[in-house]
file data-v1.txt (compact mmCIF, C-alpha atoms)
# COMPACT_ATOMS: atom_id res chain seq x y z
CA MET A 414 0.00 0.00 0.00
CA ALA A 415 2.91 2.26 0.93
CA GLN A 416 4.51 1.84 -2.53
CA GLN A 417 1.31 2.86 -4.58
CA ARG A 418 0.81 6.36 -2.95
CA PRO A 419 3.78 8.04 -4.58
CA GLN A 420 2.59 6.81 -8.04
CA GLY A 421 -0.90 8.33 -7.53
CA LEU A 422 0.63 11.61 -6.42
CA ALA A 423 2.88 11.73 -9.43
CA SER A 424 -0.06 11.03 -11.69
CA ARG A 425 -2.02 13.91 -10.22
CA LEU A 426 0.98 16.24 -10.47
CA ASN A 427 1.38 15.36 -14.15
CA GLU A 428 -2.29 16.10 -14.83
CA ARG A 429 -2.01 19.49 -13.12
CA LEU A 430 1.18 20.29 -14.99
CA GLU A 431 -0.52 19.50 -18.32
CA SER A 432 -3.42 21.81 -17.43
CA VAL A 433 -1.02 24.62 -16.52
CA VAL A 434 0.85 24.21 -19.81
CA ILE A 435 -2.39 24.26 -21.81
CA VAL A 436 -3.67 27.37 -19.99
CA SER A 437 -0.31 29.06 -20.38
CA ALA A 438 -0.29 28.32 -24.07
CA ILE A 439 -3.80 29.77 -24.48
CA VAL A 440 -2.88 32.90 -22.53
CA GLY A 441 0.33 33.27 -24.53
CA LEU A 442 -1.46 33.00 -27.83
CA SER A 443 -4.07 35.52 -26.68
CA LEU A 444 -1.38 38.02 -25.66
CA ALA A 445 0.42 37.52 -28.95
CA TRP A 446 -2.81 38.19 -30.93
CA LEU A 447 -3.53 41.34 -28.93
CA TRP A 448 0.03 42.59 -29.55
CA LEU A 449 -0.38 42.12 -33.32
CA LEU A 450 -3.64 44.17 -33.48
CA PRO A 451 -3.28 47.88 -34.66
CA ASP A 452 -3.98 50.70 -32.22
CA ASP A 453 -6.81 52.09 -34.45
CA PRO A 454 -9.57 49.47 -34.80
CA SER A 455 -10.74 51.19 -38.02
CA ALA A 456 -7.35 50.42 -39.58
CA ALA A 457 -7.68 46.69 -39.01
CA PRO A 458 -7.15 44.62 -42.13
CA ARG A 459 -10.31 43.81 -44.05
CA GLN A 460 -11.20 41.02 -46.33
CA PRO A 461 -10.69 42.00 -49.99
CA SER A 462 -13.90 42.89 -51.81
CA SER A 463 -14.77 42.11 -55.36
CA HIS A 464 -16.52 45.58 -55.69
CA GLN A 465 -14.24 48.09 -57.53
CA ILE A 466 -14.42 51.75 -56.40
CA PRO A 467 -14.68 53.97 -59.51
CA PRO A 468 -11.83 56.45 -59.93
CA ALA A 469 -12.51 60.17 -59.36
CA PRO A 470 -13.61 62.00 -62.51
CA ASP A 471 -10.89 63.91 -64.36
CA ARG A 472 -10.97 67.64 -63.70
CA PRO A 473 -10.50 69.97 -66.68
CA PRO A 474 -7.03 71.40 -66.74
CA THR A 475 -6.71 74.95 -65.48
CA PRO A 476 -6.54 77.24 -68.49
CA PRO A 477 -3.25 79.04 -68.85
CA PRO A 478 -3.22 82.74 -67.94
CA LEU A 479 -4.06 85.15 -70.78
CA LYS A 480 -3.00 88.68 -71.55
CA VAL A 481 -5.67 90.66 -73.42
CA ILE A 482 -4.54 93.42 -75.77
CA GLU A 483 -7.15 95.82 -77.16
CA GLY A 484 -6.77 98.67 -79.61
CA LYS A 485 -7.53 100.15 -83.02
CA VAL A 486 -5.78 99.30 -86.28
CA PRO A 487 -3.17 102.04 -86.92
CA ARG A 488 -3.17 103.94 -90.18
CA ASN A 489 -1.45 102.10 -93.07
CA ALA A 490 -0.73 99.08 -90.84
CA THR A 491 -0.82 95.57 -92.31
CA PHE A 492 -1.87 92.52 -90.32
CA GLY A 493 1.75 91.39 -90.19
CA GLN A 494 2.89 94.75 -88.83
CA LEU A 495 0.09 94.75 -86.27
CA MET A 496 1.06 91.31 -84.99
CA SER A 497 4.79 92.04 -85.08
CA ALA A 498 4.24 95.14 -82.94
CA HIS A 499 2.89 92.84 -80.22
CA GLY A 500 5.68 90.27 -80.43
CA PHE A 501 4.23 87.60 -82.72
CA SER A 502 6.43 85.85 -85.29
CA PRO A 503 6.05 85.89 -89.10
CA GLU A 504 5.43 82.13 -88.95
CA LEU A 505 2.40 82.66 -86.72
CA VAL A 506 1.17 85.48 -88.95
CA TYR A 507 1.29 83.14 -91.96
CA GLN A 508 -0.53 80.44 -90.00
CA VAL A 509 -3.35 82.82 -89.02
CA VAL A 510 -3.62 84.32 -92.51
CA ARG A 511 -3.85 80.83 -94.04
CA ALA A 512 -6.57 79.74 -91.60
CA THR A 513 -8.54 82.97 -92.11
CA ARG A 514 -8.35 83.19 -95.92
CA PRO A 515 -11.54 81.10 -96.58
CA VAL A 516 -13.72 83.54 -94.63
CA TYR A 517 -11.89 86.91 -94.69
CA ASN A 518 -8.90 88.56 -96.34
CA LEU A 519 -6.72 90.06 -93.60
CA ALA A 520 -5.14 92.36 -96.18
CA ARG A 521 -8.37 94.36 -95.94
CA LEU A 522 -7.86 95.61 -92.38
CA ARG A 523 -9.22 99.14 -92.05
CA ALA A 524 -7.52 101.82 -89.99
CA GLY A 525 -9.55 102.71 -86.91
CA ASN A 526 -11.41 99.40 -86.64
CA ARG A 527 -11.13 97.75 -83.24
CA PHE A 528 -9.18 94.55 -82.58
CA GLU A 529 -8.45 92.30 -79.62
CA LEU A 530 -5.59 89.84 -79.04
CA GLU A 531 -5.36 87.08 -76.42
CA ARG A 532 -1.78 85.99 -75.72
CA LEU A 533 -0.83 82.98 -73.59
CA ALA A 534 1.87 83.13 -70.92
CA ASP A 535 4.25 81.24 -73.23
CA GLY A 536 3.79 83.89 -75.94
CA ARG A 537 1.45 81.93 -78.22
CA LEU A 538 -1.64 83.53 -79.73
CA ASN A 539 -4.84 82.20 -78.21
CA ALA A 540 -7.38 84.33 -80.10
CA PHE A 541 -7.75 87.31 -82.43
CA ARG A 542 -10.89 89.41 -82.80
CA TYR A 543 -11.44 92.10 -85.43
CA HIS A 544 -14.55 94.23 -85.99
CA VAL A 545 -15.05 94.01 -89.74
CA ASP A 546 -18.00 96.44 -89.77
CA SER A 547 -21.08 97.32 -87.77
CA GLU A 548 -22.74 94.00 -88.66
CA LYS A 549 -20.07 91.36 -87.98
CA TYR A 550 -16.65 90.62 -86.51
CA LEU A 551 -13.89 88.14 -87.31
CA SER A 552 -13.02 85.58 -84.64
CA VAL A 553 -9.82 83.51 -84.92
CA ASP A 554 -9.33 80.91 -82.16
CA ARG A 555 -6.54 78.46 -81.39
CA SER A 556 -7.53 74.85 -82.10
CA LYS A 557 -4.83 72.32 -81.13
CA ASP A 558 -1.89 73.17 -83.37
CA ASP A 559 -3.82 75.35 -85.82
CA TYR A 560 -6.40 78.15 -85.88
CA ARG A 561 -10.08 78.28 -86.77
CA ALA A 562 -11.65 81.44 -88.23
CA GLN A 563 -15.28 82.49 -88.57
CA LEU A 564 -17.33 85.63 -89.19
CA ILE A 565 -19.83 86.17 -86.39
CA PRO A 566 -22.84 88.54 -86.54
CA ILE A 567 -22.85 91.22 -83.87
CA GLU A 568 -25.94 90.81 -81.72
CA TYR A 569 -27.38 94.19 -80.77
CA GLU A 570 -30.20 95.09 -78.46
CA LYS A 571 -32.68 97.04 -80.60
CA ARG A 572 -34.69 99.83 -79.00
CA GLU A 573 -37.36 101.99 -80.67
CA LEU A 574 -36.97 105.51 -79.28
CA PRO A 575 -38.32 109.00 -80.02
CA VAL A 576 -36.30 112.08 -81.06
CA VAL A 577 -37.82 115.57 -81.22
CA GLY A 578 -36.18 118.89 -82.00
CA THR A 579 -36.41 122.40 -83.45
CA ILE A 580 -33.97 123.90 -85.96
CA GLU A 581 -32.01 126.81 -84.54
CA SER A 582 -28.94 126.99 -86.77
CA SER A 583 -28.73 123.71 -88.68
CA LEU A 584 -30.03 120.17 -88.62
CA PHE A 585 -26.62 118.91 -87.55
CA GLY A 586 -26.40 121.47 -84.75
CA THR A 587 -29.89 120.68 -83.49
CA LEU A 588 -29.23 116.95 -83.32
CA SER A 589 -25.84 117.56 -81.71
CA ASP A 590 -27.56 119.58 -78.97
CA LEU A 591 -29.86 116.59 -78.47
CA GLN A 592 -26.81 114.32 -78.02
CA GLU A 593 -27.58 112.55 -81.29
CA LYS A 594 -25.12 111.58 -84.01
CA ASP A 595 -24.69 113.20 -87.44
CA GLN A 596 -25.86 110.00 -89.13
CA LEU A 597 -29.41 110.68 -87.97
CA ALA A 598 -29.38 113.99 -89.87
CA LEU A 599 -28.14 112.26 -93.01
CA ASP A 600 -30.78 109.54 -92.72
CA MET A 601 -33.59 112.07 -92.20
CA ALA A 602 -32.42 114.17 -95.15
CA GLU A 603 -32.28 111.02 -97.28
CA ILE A 604 -35.95 110.26 -96.59
CA PHE A 605 -37.07 113.73 -97.68
CA SER A 606 -34.39 114.31 -100.32
CA TRP A 607 -37.06 114.30 -103.08
CA ASP A 608 -39.29 116.87 -101.36
CA ILE A 609 -37.01 119.14 -99.34
CA ASP A 610 -33.70 120.65 -100.44
CA PHE A 611 -31.82 120.68 -97.15
CA ASN A 612 -29.28 123.05 -98.71
CA THR A 613 -31.74 125.88 -99.32
CA GLU A 614 -35.17 125.27 -97.83
CA ILE A 615 -34.50 124.69 -94.11
CA GLN A 616 -35.53 127.60 -91.87
CA ARG A 617 -35.07 128.47 -88.27
CA GLY A 618 -38.11 127.23 -86.35
CA ASP A 619 -38.63 124.15 -88.53
CA HIS A 620 -39.22 121.20 -86.24
CA PHE A 621 -39.44 117.43 -86.37
CA ARG A 622 -40.25 114.33 -84.38
CA LEU A 623 -39.47 110.77 -85.25
CA MET A 624 -39.20 107.19 -84.06
CA VAL A 625 -35.89 105.51 -84.76
CA GLU A 626 -34.23 102.20 -83.99
CA LYS A 627 -31.14 102.53 -81.81
CA LEU A 628 -28.83 99.56 -81.55
CA TYR A 629 -27.11 98.91 -78.21
CA LEU A 630 -24.16 96.74 -77.31
CA GLU A 631 -23.43 96.15 -73.62
CA ASN A 632 -25.90 98.92 -72.76
CA ARG A 633 -24.06 101.44 -74.98
CA MET A 634 -25.68 102.97 -78.03
CA VAL A 635 -23.53 101.98 -81.00
CA ARG A 636 -25.44 103.04 -84.10
CA TYR A 637 -28.84 103.75 -85.59
CA GLY A 638 -31.08 101.26 -87.29
CA ASP A 639 -33.97 102.44 -89.46
CA ILE A 640 -36.03 105.57 -89.01
CA LEU A 641 -39.48 104.05 -88.59
CA ALA A 642 -41.63 107.17 -88.86
CA VAL A 643 -40.91 110.90 -89.10
CA GLU A 644 -42.75 114.20 -89.24
CA PHE A 645 -40.91 117.29 -90.50
CA HIS A 646 -42.49 120.75 -90.39
CA ASN A 647 -40.77 122.92 -93.00
CA ALA A 648 -41.88 126.51 -93.64
CA GLY A 649 -45.33 125.75 -92.26
CA LYS A 650 -45.82 122.59 -94.34
CA LEU A 651 -45.95 119.12 -92.81
CA TYR A 652 -44.02 116.28 -94.45
CA THR A 653 -44.47 112.72 -93.20
CA GLY A 654 -42.66 109.50 -93.91
CA TYR A 655 -43.58 105.99 -92.76
CA ARG A 656 -41.28 103.06 -93.37
CA PHE A 657 -43.10 100.12 -94.93
CA GLU A 658 -41.85 96.74 -96.13
CA ASP A 659 -44.27 94.87 -98.35
CA PRO A 660 -44.59 91.04 -98.43
CA GLU A 661 -42.25 90.97 -101.43
CA GLY A 662 -39.45 92.51 -99.38
CA GLU A 663 -39.59 95.95 -101.03
CA VAL A 664 -38.85 98.72 -98.53
CA GLY A 665 -39.75 102.37 -98.93
CA TYR A 666 -41.08 105.49 -97.22
CA PHE A 667 -44.63 106.67 -97.89
CA ASN A 668 -46.63 109.73 -96.90
CA GLU A 669 -50.06 109.91 -95.27
CA ARG A 670 -51.78 109.09 -98.57
CA GLY A 671 -49.60 106.06 -99.20
CA ARG A 672 -47.61 107.78 -101.94
CA SER A 673 -43.93 106.93 -102.23
CA LEU A 674 -41.52 109.70 -101.22
CA LYS A 675 -39.09 108.54 -103.88
CA ARG A 676 -39.00 110.49 -107.15
CA ASP A 677 -37.19 110.07 -110.43
CA PHE A 678 -34.76 112.87 -109.46
CA LEU A 679 -33.18 114.02 -106.22
CA ARG A 680 -33.66 117.64 -105.24
CA SER A 681 -29.88 118.00 -104.91
CA PRO A 682 -26.91 115.84 -106.01
CA VAL A 683 -24.76 117.18 -103.13
CA LYS A 684 -25.73 116.75 -99.49
CA PHE A 685 -25.48 119.61 -97.02
CA SER A 686 -23.76 122.25 -99.09
CA ARG A 687 -25.03 125.76 -99.86
CA ILE A 688 -26.15 127.44 -103.04
CA SER A 689 -23.70 130.06 -104.23
CA SER A 690 -25.41 130.84 -107.53
CA ARG A 691 -28.90 130.16 -108.81
CA PHE A 692 -30.52 129.53 -112.16
CA SER A 693 -30.53 132.80 -114.16
CA TYR A 694 -30.65 134.12 -117.73
CA ARG A 695 -28.53 137.21 -116.86
CA ARG A 696 -25.87 136.36 -114.31
CA LEU A 697 -22.63 138.33 -114.05
CA HIS A 698 -19.91 135.74 -114.66
CA PRO A 699 -17.35 136.01 -111.82
CA ILE A 700 -14.35 135.53 -114.18
CA LEU A 701 -15.46 136.80 -117.56
CA ARG A 702 -17.22 139.82 -115.95
CA LYS A 703 -19.98 139.60 -118.53
CA ARG A 704 -23.67 139.02 -118.07
CA ARG A 705 -24.61 135.70 -119.54
CA PRO A 706 -27.12 132.92 -118.79
CA HIS A 707 -26.31 130.57 -115.94
CA LEU A 708 -28.66 127.69 -116.67
CA GLY A 709 -27.91 125.68 -113.57
CA VAL A 710 -27.39 125.83 -109.81
CA ASP A 711 -23.98 126.15 -108.13
CA TYR A 712 -23.52 124.23 -104.89
CA ALA A 713 -20.54 125.44 -102.87
CA ALA A 714 -18.91 122.61 -100.94
CA PRO A 715 -15.39 121.55 -99.90
CA THR A 716 -13.18 119.94 -102.53
CA GLY A 717 -13.69 116.18 -102.49
CA THR A 718 -17.34 116.29 -101.38
CA ARG A 719 -19.18 113.39 -103.02
CA VAL A 720 -21.46 114.11 -105.97
CA VAL A 721 -24.20 111.57 -106.73
CA ALA A 722 -26.36 110.85 -109.75
CA ALA A 723 -29.71 112.61 -109.44
CA GLY A 724 -31.47 109.70 -111.11
CA ASN A 725 -31.05 106.41 -112.93
CA GLY A 726 -29.43 106.66 -116.33
CA ARG A 727 -26.39 106.08 -118.52
CA VAL A 728 -23.21 108.15 -118.73
CA ARG A 729 -23.14 110.02 -122.01
CA TYR A 730 -19.92 111.98 -121.40
CA ARG A 731 -17.07 111.84 -118.88
CA GLY A 732 -13.99 114.01 -119.23
CA TRP A 733 -12.69 117.54 -119.71
CA LYS A 734 -14.97 120.04 -121.44
CA GLY A 735 -13.63 123.61 -121.70
CA GLY A 736 -14.91 126.02 -119.06
CA TYR A 737 -16.88 123.22 -117.38
CA GLY A 738 -13.62 121.50 -116.42
CA ASN A 739 -14.20 117.88 -115.50
CA LEU A 740 -17.75 117.08 -116.55
CA VAL A 741 -20.14 114.14 -116.25
CA GLU A 742 -23.25 114.07 -118.44
CA ILE A 743 -25.98 111.50 -117.74
CA ARG A 744 -28.92 110.71 -120.02
CA HIS A 745 -32.09 109.62 -118.21
CA GLY A 746 -35.50 108.49 -119.40
CA ASN A 747 -38.39 110.77 -120.39
CA GLY A 748 -36.14 113.22 -122.23
CA PHE A 749 -34.01 114.31 -119.23
CA THR A 750 -30.24 114.88 -119.17
CA THR A 751 -28.22 116.06 -116.15
CA TYR A 752 -24.77 117.74 -116.03
CA TYR A 753 -22.19 117.82 -113.23
CA ALA A 754 -19.33 120.29 -113.84
CA HIS A 755 -16.04 121.53 -112.27
CA LEU A 756 -15.38 118.13 -110.66
CA SER A 757 -12.02 117.46 -109.03
CA GLY A 758 -12.21 113.82 -110.12
CA PHE A 759 -14.46 110.98 -111.21
CA ALA A 760 -15.67 107.91 -109.35
CA ARG A 761 -13.56 104.83 -109.91
CA GLY A 762 -14.78 102.74 -112.84
CA LEU A 763 -17.05 105.45 -114.23
CA ARG A 764 -16.74 105.77 -118.01
CA ARG A 765 -18.82 106.64 -121.04
CA GLY A 766 -21.66 104.13 -121.38
CA SER A 767 -21.68 103.19 -117.67
CA LYS A 768 -25.10 102.60 -116.13
CA VAL A 769 -25.70 104.53 -112.92
CA ILE A 770 -28.46 104.44 -110.33
CA GLN A 771 -29.94 107.26 -108.30
CA GLY A 772 -27.67 108.19 -105.39
CA GLN A 773 -24.57 106.50 -106.84
CA VAL A 774 -21.33 108.48 -106.44
CA ILE A 775 -20.14 109.72 -109.83
CA GLY A 776 -17.49 112.29 -108.88
CA TYR A 777 -16.18 114.81 -106.37
CA VAL A 778 -16.57 118.56 -105.96
CA GLY A 779 -13.70 120.59 -107.37
CA SER A 780 -12.76 123.86 -109.03
CA THR A 781 -11.66 122.81 -112.51
CA GLY A 782 -12.33 124.92 -115.63
CA LEU A 783 -13.60 128.50 -115.25
CA SER A 784 -14.17 128.48 -111.51
CA THR A 785 -13.28 130.79 -108.61
CA GLY A 786 -13.64 128.14 -105.90
CA PRO A 787 -14.77 124.59 -105.19
CA HIS A 788 -18.38 124.04 -106.16
CA LEU A 789 -20.64 121.86 -108.31
CA ASP A 790 -22.38 123.38 -111.32
CA TYR A 791 -25.51 121.20 -111.64
CA ARG A 792 -27.77 121.49 -114.70
CA VAL A 793 -30.89 119.72 -115.94
CA ARG A 794 -32.16 119.66 -119.51
CA ARG A 795 -35.61 118.41 -120.47
CA ASN A 796 -36.38 117.72 -124.14
CA GLY A 797 -33.41 119.85 -125.18
CA VAL A 798 -34.26 122.87 -122.97
CA PHE A 799 -32.46 123.72 -119.71
CA VAL A 800 -34.82 123.98 -116.72
CA ASN A 801 -34.38 125.21 -113.16
CA PRO A 802 -33.49 122.18 -110.98
CA LEU A 803 -34.93 123.91 -107.90
CA THR A 804 -38.43 124.23 -109.35
CA LEU A 805 -38.56 120.86 -111.09
CA LYS A 806 -41.56 118.80 -109.97
CA MET A 807 -41.50 115.04 -110.31
CA LYS A 808 -44.12 112.36 -109.70
CA PRO A 809 -43.50 109.39 -107.37
CA SER A 810 -41.34 106.86 -109.16
CA LYS A 811 -42.80 103.74 -107.57
CA PRO A 812 -46.35 103.84 -106.12
CA LEU A 813 -47.57 101.45 -103.46
CA LYS A 814 -49.23 98.39 -104.96
CA PRO A 815 -53.01 98.34 -104.37
CA GLU A 816 -52.98 94.94 -102.70
CA TYR A 817 -50.64 96.24 -99.97
CA ARG A 818 -52.52 99.44 -99.11
CA SER A 819 -54.46 97.84 -96.25
CA ALA A 820 -51.26 96.54 -94.62
CA PHE A 821 -49.66 99.96 -95.03
CA ARG A 822 -52.62 101.68 -93.34
CA GLN A 823 -52.14 99.49 -90.26
CA VAL A 824 -48.45 100.38 -90.10
CA LYS A 825 -49.22 104.07 -90.63
CA LEU A 826 -51.83 104.14 -87.83
CA LYS A 827 -49.42 102.47 -85.42
CA TRP A 828 -46.64 105.01 -86.03
CA ARG A 829 -49.01 107.97 -86.23
CA GLN A 830 -50.22 107.17 -82.70
CA GLN A 831 -46.67 106.82 -81.43
CA LEU A 832 -45.60 110.11 -83.01
CA ALA A 833 -48.65 111.84 -81.53
CA ALA A 834 -47.61 110.60 -78.09
CA ILE A 835 -44.23 112.34 -78.37
CA ALA A 836 -44.25 115.72 -76.67
CA PRO A 837 -43.72 118.46 -79.26
CA PRO A 838 -40.98 121.08 -78.87
CA PRO A 839 -41.89 124.13 -76.77
CA GLU A 840 -44.02 126.60 -78.74
CA GLN A 841 -41.56 129.45 -78.31
CA THR A 842 -38.80 127.47 -80.02
CA ARG A 843 -41.00 126.83 -83.04
CA GLN A 844 -41.40 130.47 -84.04
CA ALA A 845 -39.59 131.11 -87.32
CA SER A 846 -36.97 133.83 -87.28
CA THR A 847 -38.14 137.21 -88.59
CA ALA A 848 -34.59 138.32 -89.37
CA HIS A 849 -34.41 139.50 -92.99
CA GLY A 850 -32.53 137.23 -95.37
CA TYR A 851 -31.87 134.48 -92.82
CA GLU A 852 -30.41 131.30 -94.36
CA ALA A 853 -29.18 128.38 -92.27
CA ASP A 854 -25.62 127.25 -92.95
CA PHE A 855 -25.58 123.54 -93.72
CA ILE A 856 -21.97 123.07 -94.77
CA TYR A 857 -20.66 120.01 -93.02

call {"tool": "encode", "arguments": {"input": "data-v1.txt", "output": "structure tokens"}}
result
Amino acid sequence: MAQQRPQGLASRLNERLESVVIVSAIVGLSLAWLWLLPDDPSAAPRQPSSHQIPPAPDRPPTPPPLKVIEGKVPRNATFGQLMSAHGFSPELVYQVVRATRPVYNLARLRAGNRFELERLADGRLNAFRYHVDSEKYLSVDRSKDDYRAQLIPIEYEKRELPVVGTIESSLFGTLSDLQEKDQLALDMAEIFSWDIDFNTEIQRGDHFRLMVEKLYLENRMVRYGDILAVEFHNAGKLYTGYRFEDPEGEVGYFNERGRSLKRDFLRSPVKFSRISSRFSYRRLHPILRKRRPHLGVDYAAPTGTRVVAAGNGRVRYRGWKGGYGNLVEIRHGNGFTTYYAHLSGFARGLRRGSKVIQGQVIGYVGSTGLSTGPHLDYRVRRNGVFVNPLTLKMKPSKPLKPEYRSAFRQVKLKWRQQLAAIAPPPEQTRQASTAHGYEADFIY
């Protein structure tokens, strides 16, 4: 019995030792696992996922910085000179000219027209803008390694606005006082050029009111559109003009009765000059000092002033003719012939046999031949007899078609109401001057 006790004790000790080893191993493994874990539980390794996270969308590259250069084309400057003055190479000039040639010839740059250049930081041209005229501009833009050119219409804001005034010294002066541009005077005179001679018949106290289109760009008035309706009181007589475009696209101005304001002949072939000598059978010639007929009207105007054809016709003579100096003779229909003498020069391309239309430039005021100063000697002959151009009465050249009279009446009533709503000039400014021999000076 004594020999079996130690064996049982040893067996129990072995069992306890095995338990301790197992527990120690478990504790050791647990400590080792805890030591391997990261401090941030959110950073613990995760099982790989088969779901792919889409990459962030590409952001457009930041455009390179630009330097904008604005200005006006200098006098006599070519496109190459303009670009060279701002540091661009001849190679780039050739590249732009080549890309632009299908839509615009850059050799036709006009002095005074606005341009704009966009230059990149590395010196390359990014864009070129050029205002061709009041209707469109040229846009040349960089496209990869080349340039793309196009003509783009200028988009204006169109406003229909009233203008009212009274003549004090001249039509130009009156409109200038109203902060209007000279072009409005020219446009108004053009409408009534068959009824009123703005060289001789305008008086102080004459007054007008009109509705006109004004075209704005970036809230700045750039130019005029069409005069839509106008009333002009001249020497106590009212003249009206309403713009009307028929369904066929024909545009004209018509009076209250629907009669066209256009005639076969203009009242004057020179705009805004003054009469220095009238039609007479016994005028004292300023050079010959003899009394002789002067069967025309002399319009004094600066040398180079444009002279236009009074009506449609064909050139019968162009050249030098004794005391007349440089002369143009035009044969018209219905037995009329007109003469334009003392010209400083002729319009380009004008020659004997040329067809001309009313208002076309045929020459320029001068002092050639027997002349004491620059003026136009204008004469009219009807059926072989010279007549006074200032008293010549002509019928409307193109009446309104009957089928369009109803549409015209609607247009006329609309503008008549709008004109009536415009406040007239103060009564005291509409009193004609009583000064003897007053004649407004319309030289421009």

call {"tool": "closest_residue", "arguments": {"input": "data-v1.txt", "among": "A:Gly758, A:Gly665, A:Pro503, A:Pro487", "to": "A:Tyr777", "atoms": "only C-alpha atoms"}}
result
A:Gly758

call {"tool": "residues_near_point", "arguments": {"input": "data-v1.txt", "point": "(-27.3, 107.0, -91.3)", "cutoff": "10 Å", "atoms": "only C-alpha atoms", "output": "number ranges by chain"}}
result
A: 594-603, 636-640

call {"tool": "atom_distance", "arguments": {"input": "data-v1.txt", "atom1": "atom CA of A:Arg687", "atom2": "atom CA of A:Val778"}}
result
12.7 Å

call {"tool": "axis_aligned_box", "arguments": {"input": "data-v1.txt", "around": "stretch 768-772 of chain A", "padding_each_side": "4 Å", "output": "lines of an AutoDock Vina configuration file"}}
result
center_x = -27.5
center_y = 105.4
center_z = -110.8
size_x = 12.8
size_y = 13.6
size_z = 18.7

call {"tool": "residues_around", "arguments": {"input": "data-v1.txt", "residues": "A:Phe799", "least_positions_apart": "4", "cutoff": "12 Å", "atoms": "all atoms listed in the file", "output": "PyMOL selection string"}}
result
chain A and resi 692-694+706-710+748-752+791-795+804-805

call {"tool": "residues_around", "arguments": {"input": "data-v1.txt", "residues": "A:Gly500", "least_positions_apart": "4", "cutoff": "12 Å", "atoms": "all atoms listed in the file", "output": "PDB file with C-alpha atoms, in the coordinates of the input"}}
result
ATOM      1  CA  ILE A 482      -4.540  93.420 -75.770  1.00  0.00           C
ATOM      2  CA  GLY A 493       1.750  91.390 -90.190  1.00  0.00           C
ATOM      3  CA  GLN A 494       2.890  94.750 -88.830  1.00  0.00           C
ATOM      4  CA  LEU A 495       0.090  94.750 -86.270  1.00  0.00           C
ATOM      5  CA  MET A 496       1.060  91.310 -84.990  1.00  0.00           C
ATOM      6  CA  GLU A 504       5.430  82.130 -88.950  1.00  0.00           C
ATOM      7  CA  LEU A 505       2.400  82.660 -86.720  1.00  0.00           C
ATOM      8  CA  VAL A 506       1.170  85.480 -88.950  1.00  0.00           C
ATOM      9  CA  LEU A 530      -5.590  89.840 -79.040  1.00  0.00           C
ATOM     10  CA  ARG A 532      -1.780  85.990 -75.720  1.00  0.00           C
ATOM     11  CA  LEU A 533      -0.830  82.980 -73.590  1.00  0.00           C
ATOM     12  CA  ASP A 535       4.250  81.240 -73.230  1.00  0.00           C
ATOM     13  CA  GLY A 536       3.790  83.890 -75.940  1.00  0.00           C
ATOM     14  CA  ARG A 537       1.450  81.930 -78.220  1.00  0.00           C
ATOM     15  CA  LEU A 538      -1.640  83.530 -79.730  1.00  0.00           C
TER      16      LEU A 538
END

call {"tool": "closest_residue", "arguments": {"input": "data-v1.txt", "among": "A:Phe759, A:Trp607, A:Tyr652, A:Tyr817", "to": "A:Pro802", "atoms": "all atoms listed in the file"}}
result
A:Trp607

call {"tool": "atom_distance", "arguments": {"input": "data-v1.txt", "atom1": "atom CA of A:Asn725", "atom2": "atom CA of A:Lys808"}}
result
14.7 Å

call {"tool": "atom_distance", "arguments": {"input": "data-v1.txt", "atom1": "atom CA of A:Gly797", "atom2": "atom CA of A:Leu679"}}
result
19.8 Å

call {"tool": "build_atoms", "arguments": {"input": "data-v1.txt", "residues": "stretch 496-504 of chain A", "atoms": "N, CA and C atoms", "output": "PDB file, in the frame of the given file"}}
result
ATOM      1  N   MET A 496       0.667  92.432 -85.842  1.00  0.00           N
ATOM      2  CA  MET A 496       1.060  91.310 -84.990  1.00  0.00           C
ATOM      3  C   MET A 496       2.509  91.426 -84.543  1.00  0.00           C
ATOM      4  N   SER A 497       3.384  91.886 -85.431  1.00  0.00           N
ATOM      5  CA  SER A 497       4.790  92.040 -85.080  1.00  0.00           C
ATOM      6  C   SER A 497       4.977  93.057 -83.964  1.00  0.00           C
ATOM      7  N   ALA A 498       4.143  94.106 -83.977  1.00  0.00           N
ATOM      8  CA  ALA A 498       4.240  95.140 -82.940  1.00  0.00           C
ATOM      9  C   ALA A 498       3.921  94.589 -81.561  1.00  0.00           C
ATOM     10  N   HIS A 499       3.233  93.447 -81.505  1.00  0.00           N
ATOM     11  CA  HIS A 499       2.890  92.840 -80.220  1.00  0.00           C
ATOM     12  C   HIS A 499       3.660  91.543 -79.977  1.00  0.00           C
ATOM     13  N   GLY A 500       4.757  91.357 -80.728  1.00  0.00           N
ATOM     14  CA  GLY A 500       5.680  90.270 -80.430  1.00  0.00           C
ATOM     15  C   GLY A 500       5.400  88.937 -81.068  1.00  0.00           C
ATOM     16  N   PHE A 501       4.525  88.881 -82.079  1.00  0.00           N
ATOM     17  CA  PHE A 501       4.230  87.600 -82.720  1.00  0.00           C
ATOM     18  C   PHE A 501       5.092  87.420 -83.967  1.00  0.00           C
ATOM     19  N   SER A 502       5.474  86.172 -84.231  1.00  0.00           N
ATOM     20  CA  SER A 502       6.430  85.850 -85.290  1.00  0.00           C
ATOM     21  C   SER A 502       5.777  85.840 -86.665  1.00  0.00           C
ATOM     22  N   PRO A 503       6.584  85.994 -87.731  1.00  0.00           N
ATOM     23  CA  PRO A 503       6.050  85.890 -89.100  1.00  0.00           C
ATOM     24  C   PRO A 503       5.432  84.528 -89.377  1.00  0.00           C
ATOM     25  N   GLU A 504       5.985  83.474 -88.750  1.00  0.00           N
ATOM     26  CA  GLU A 504       5.430  82.130 -88.950  1.00  0.00           C
ATOM     27  C   GLU A 504       3.992  82.064 -88.435  1.00  0.00           C
TER      28      GLU A 504
END
